[in-house]
Amino acid sequence: MIEVRFFATLRQGRGKVAEIDAEEISTAGELLRRFDIPAEEVSILLINGFHSKPEDPVKDGDVVSLFPPVGGG
């Protein structure tokens, strides 16, 4: 299983954590598509705590964290 953690606005309609079968997904970008998240809505993508890109591979046991852009002033 791959654990996907959603933060801030990305939690809307998805909850805080989801698990997906590792055999169904091979890259972080496929995870984004699975959860209907456009890549431009993700500011920080971490795989096991390391900054990553949508084309980076994911495997069984990985934890993927997704953060949207943060605004403020």
# chains A, B, ... in the order shown; residues from 1 in each chain; ligands from 1

call {"tool": "select_by_dssp", "arguments": {"residues": "chain A", "states": "alpha helix (DSSP H)", "output": "PyMOL selection string"}}
result
chain A and resi 28-34

call {"tool": "select_by_dssp", "arguments": {"residues": "chain A", "states": "strand (DSSP E or B)", "output": "PDB file with C-alpha atoms, in the first residue's frame"}}
result
ATOM      1  CA  ILE A   2       0.980   3.586  -0.638  1.00  0.00           C
ATOM      2  CA  GLU A   3      -0.162   6.086   1.981  1.00  0.00           C
ATOM      3  CA  VAL A   4      -1.180   9.477   0.604  1.00  0.00           C
ATOM      4  CA  ARG A   5      -1.399  12.416   3.029  1.00  0.00           C
ATOM      5  CA  PHE A   6      -3.354  15.497   1.982  1.00  0.00           C
ATOM      6  CA  VAL A  17      -5.093  10.177   4.551  1.00  0.00           C
ATOM      7  CA  ALA A  18      -5.835   7.652   1.817  1.00  0.00           C
ATOM      8  CA  GLU A  19      -4.258   4.330   0.948  1.00  0.00           C
ATOM      9  CA  ILE A  20      -3.940   2.938  -2.527  1.00  0.00           C
ATOM     10  CA  THR A  27       4.515   7.375 -10.281  1.00  0.00           C
ATOM     11  CA  ILE A  44       5.185  20.542  -2.384  1.00  0.00           C
ATOM     12  CA  LEU A  45       5.231  16.821  -3.150  1.00  0.00           C
ATOM     13  CA  LEU A  46       7.160  14.620  -0.742  1.00  0.00           C
ATOM     14  CA  ILE A  47       7.889  10.920  -1.064  1.00  0.00           C
ATOM     15  CA  PHE A  50      12.024  13.949   0.346  1.00  0.00           C
ATOM     16  CA  HIS A  51      11.074  16.634  -2.186  1.00  0.00           C
ATOM     17  CA  PRO A  57       8.365   6.493  -8.949  1.00  0.00           C
ATOM     18  CA  VAL A  63       4.302   7.773   2.095  1.00  0.00           C
ATOM     19  CA  VAL A  64       3.375  10.587  -0.286  1.00  0.00           C
ATOM     20  CA  SER A  65       2.549  14.000   1.182  1.00  0.00           C
ATOM     21  CA  LEU A  66       0.815  16.671  -0.900  1.00  0.00           C
ATOM     22  CA  PHE A  67       0.753  20.374  -0.020  1.00  0.00           C
TER      23      PHE A  67
END

call {"tool": "residues_around", "arguments": {"residues": "Ser26 in chain A", "least_positions_apart": "5", "cutoff": "9 Å", "atoms": "only C-alpha atoms", "output": "PDB file with N, CA and C atoms, in the first residue's frame"}}
result
ATOM      1  N   LEU A  31      -0.704   9.154  -9.023  1.00  0.00           N
ATOM      2  CA  LEU A  31      -1.476   9.375  -7.790  1.00  0.00           C
ATOM      3  C   LEU A  31      -2.297  10.655  -7.897  1.00  0.00           C
ATOM      4  N   ASP A  56       8.442  11.052 -10.505  1.00  0.00           N
ATOM      5  CA  ASP A  56       9.208  10.144  -9.646  1.00  0.00           C
ATOM      6  C   ASP A  56       8.403   8.888  -9.298  1.00  0.00           C
ATOM      7  N   PRO A  57       9.070   7.747  -9.241  1.00  0.00           N
ATOM      8  CA  PRO A  57       8.365   6.493  -8.949  1.00  0.00           C
ATOM      9  C   PRO A  57       7.929   6.388  -7.488  1.00  0.00           C
ATOM     10  N   VAL A  58       6.844   5.656  -7.290  1.00  0.00           N
ATOM     11  CA  VAL A  58       6.383   5.302  -5.951  1.00  0.00           C
ATOM     12  C   VAL A  58       6.271   3.792  -5.879  1.00  0.00           C
ATOM     13  N   LYS A  59       6.454   3.270  -4.661  1.00  0.00           N
ATOM     14  CA  LYS A  59       6.403   1.815  -4.494  1.00  0.00           C
ATOM     15  C   LYS A  59       5.705   1.467  -3.195  1.00  0.00           C
TER      16      LYS A  59
END

call {"tool": "atom_distance", "arguments": {"atom1": "CA of Ala28 in chain A", "atom2": "CA of Ser52 in chain A"}}
result
8.4 Å

call {"tool": "closest_residue", "arguments": {"among": "A:Ser43, A:Gly29, A:Glu24, A:Val70", "to": "Glu55 in chain A", "atoms": "only C-alpha atoms"}}
result
A:Gly29

call {"tool": "closest_residue", "arguments": {"among": "A:Pro54, A:Glu23, A:Lys16, A:Gly61", "to": "Ile37 in chain A", "atoms": "only C-alpha atoms"}}
result
A:Pro54

call {"tool": "atom_distance", "arguments": {"atom1": "CA of Leu10 in chain A", "atom2": "CA of Val42 in chain A"}}
result
8.4 Å

call {"tool": "closest_residue", "arguments": {"among": "A:Glu41, A:Asp36, A:Asp21, A:Glu30", "to": "Met1 in chain A", "atoms": "only C-alpha atoms"}}
result
A:Asp21

call {"tool": "decode", "arguments": {"residues": "range 12-45 of chain A", "atoms": "N, CA and C atoms", "output": "JSON list (two decimals), in the first residue's frame"}}
result
[["chain", "number", "residue", "atom", "x", "y", "z"],
["A", 12, "GLN", "N", -10.06, 18.71, 0.98],
["A", 12, "GLN", "CA", -11.48, 18.87, 0.67],
["A", 12, "GLN", "C", -11.97, 17.72, -0.21],
["A", 13, "GLY", "N", -12.89, 16.96, 0.31],
["A", 13, "GLY", "CA", -13.46, 15.83, -0.39],
["A", 13, "GLY", "C", -12.58, 14.59, -0.43],
["A", 14, "ARG", "N", -11.42, 14.66, 0.22],
["A", 14, "ARG", "CA", -10.49, 13.53, 0.20],
["A", 14, "ARG", "C", -10.12, 13.03, 1.59],
["A", 15, "GLY", "N", -10.29, 13.86, 2.60],
["A", 15, "GLY", "CA", -9.88, 13.50, 3.95],
["A", 15, "GLY", "C", -8.39, 13.77, 4.15],
["A", 16, "LYS", "N", -7.88, 13.31, 5.27],
["A", 16, "LYS", "CA", -6.48, 13.56, 5.61],
["A", 16, "LYS", "C", -5.53, 12.53, 5.01],
["A", 17, "VAL", "N", -5.97, 11.27, 4.99],
["A", 17, "VAL", "CA", -5.09, 10.18, 4.55],
["A", 17, "VAL", "C", -5.88, 9.20, 3.70],
["A", 18, "ALA", "N", -5.24, 8.70, 2.65],
["A", 18, "ALA", "CA", -5.83, 7.65, 1.82],
["A", 18, "ALA", "C", -4.75, 6.60, 1.56],
["A", 19, "GLU", "N", -5.19, 5.40, 1.32],
["A", 19, "GLU", "CA", -4.26, 4.33, 0.95],
["A", 19, "GLU", "C", -4.67, 3.79, -0.41],
["A", 20, "ILE", "N", -3.67, 3.47, -1.20],
["A", 20, "ILE", "CA", -3.94, 2.94, -2.53],
["A", 20, "ILE", "C", -3.01, 1.76, -2.79],
["A", 21, "ASP", "N", -3.50, 0.78, -3.49],
["A", 21, "ASP", "CA", -2.72, -0.41, -3.80],
["A", 21, "ASP", "C", -1.53, -0.03, -4.68],
["A", 22, "ALA", "N", -0.34, -0.40, -4.26],
["A", 22, "ALA", "CA", 0.89, -0.05, -4.98],
["A", 22, "ALA", "C", 0.93, -0.64, -6.38],
["A", 23, "GLU", "N", 0.22, -1.71, -6.62],
["A", 23, "GLU", "CA", 0.24, -2.33, -7.94],
["A", 23, "GLU", "C", -0.52, -1.49, -8.98],
["A", 24, "GLU", "N", -1.36, -0.56, -8.52],
["A", 24, "GLU", "CA", -2.16, 0.26, -9.42],
["A", 24, "GLU", "C", -1.45, 1.54, -9.86],
["A", 25, "ILE", "N", -0.38, 1.90, -9.17],
["A", 25, "ILE", "CA", 0.27, 3.20, -9.37],
["A", 25, "ILE", "C", 1.78, 3.00, -9.50],
["A", 26, "SER", "N", 2.41, 3.72, -10.44],
["A", 26, "SER", "CA", 3.87, 3.60, -10.55],
["A", 26, "SER", "C", 4.59, 4.93, -10.34],
["A", 27, "THR", "N", 3.88, 6.08, -10.50],
["A", 27, "THR", "CA", 4.52, 7.37, -10.28],
["A", 27, "THR", "C", 3.63, 8.27, -9.41],
["A", 28, "ALA", "N", 4.25, 9.31, -8.86],
["A", 28, "ALA", "CA", 3.49, 10.27, -8.05],
["A", 28, "ALA", "C", 2.44, 10.98, -8.91],
["A", 29, "GLY", "N", 2.77, 11.24, -10.17],
["A", 29, "GLY", "CA", 1.82, 11.87, -11.07],
["A", 29, "GLY", "C", 0.56, 11.04, -11.27],
["A", 30, "GLU", "N", 0.71, 9.72, -11.31],
["A", 30, "GLU", "CA", -0.46, 8.85, -11.42],
["A", 30, "GLU", "C", -1.33, 8.96, -10.17],
["A", 31, "LEU", "N", -0.70, 9.15, -9.02],
["A", 31, "LEU", "CA", -1.48, 9.38, -7.79],
["A", 31, "LEU", "C", -2.30, 10.66, -7.90],
["A", 32, "LEU", "N", -1.67, 11.72, -8.40],
["A", 32, "LEU", "CA", -2.39, 12.98, -8.55],
["A", 32, "LEU", "C", -3.61, 12.80, -9.46],
["A", 33, "ARG", "N", -3.41, 12.13, -10.58],
["A", 33, "ARG", "CA", -4.53, 11.89, -11.49],
["A", 33, "ARG", "C", -5.61, 11.03, -10.84],
["A", 34, "ARG", "N", -5.21, 10.04, -10.08],
["A", 34, "ARG", "CA", -6.18, 9.16, -9.41],
["A", 34, "ARG", "C", -7.10, 9.95, -8.47],
["A", 35, "PHE", "N", -6.53, 10.98, -7.83],
["A", 35, "PHE", "CA", -7.30, 11.79, -6.89],
["A", 35, "PHE", "C", -7.78, 13.10, -7.51],
["A", 36, "ASP", "N", -7.73, 13.21, -8.84],
["A", 36, "ASP", "CA", -8.20, 14.39, -9.57],
["A", 36, "ASP", "C", -7.57, 15.68, -9.05],
["A", 37, "ILE", "N", -6.25, 15.66, -8.88],
["A", 37, "ILE", "CA", -5.52, 16.84, -8.42],
["A", 37, "ILE", "C", -4.61, 17.30, -9.56],
["A", 38, "PRO", "N", -4.88, 18.48, -10.13],
["A", 38, "PRO", "CA", -3.97, 19.01, -11.15],
["A", 38, "PRO", "C", -2.59, 19.28, -10.54],
["A", 39, "ALA", "N", -1.54, 18.98, -11.27],
["A", 39, "ALA", "CA", -0.17, 19.14, -10.75],
["A", 39, "ALA", "C", 0.09, 20.58, -10.31],
["A", 40, "GLU", "N", -0.51, 21.56, -10.97],
["A", 40, "GLU", "CA", -0.28, 22.95, -10.59],
["A", 40, "GLU", "C", -0.90, 23.31, -9.24],
["A", 41, "GLU", "N", -1.77, 22.46, -8.71],
["A", 41, "GLU", "CA", -2.36, 22.68, -7.39],
["A", 41, "GLU", "C", -1.49, 22.12, -6.27],
["A", 42, "VAL", "N", -0.39, 21.48, -6.63],
["A", 42, "VAL", "CA", 0.51, 20.91, -5.63],
["A", 42, "VAL", "C", 1.81, 21.70, -5.64],
["A", 43, "SER", "N", 2.09, 22.36, -4.52],
["A", 43, "SER", "CA", 3.31, 23.15, -4.40],
["A", 43, "SER", "C", 4.47, 22.31, -3.89],
["A", 44, "ILE", "N", 4.17, 21.42, -2.96],
["A", 44, "ILE", "CA", 5.18, 20.54, -2.38],
["A", 44, "ILE", "C", 4.69, 19.11, -2.47],
["A", 45, "LEU", "N", 5.52, 18.25, -3.04],
["A", 45, "LEU", "CA", 5.23, 16.82, -3.15],
["A", 45, "LEU", "C", 6.41, 16.10, -2.49]]
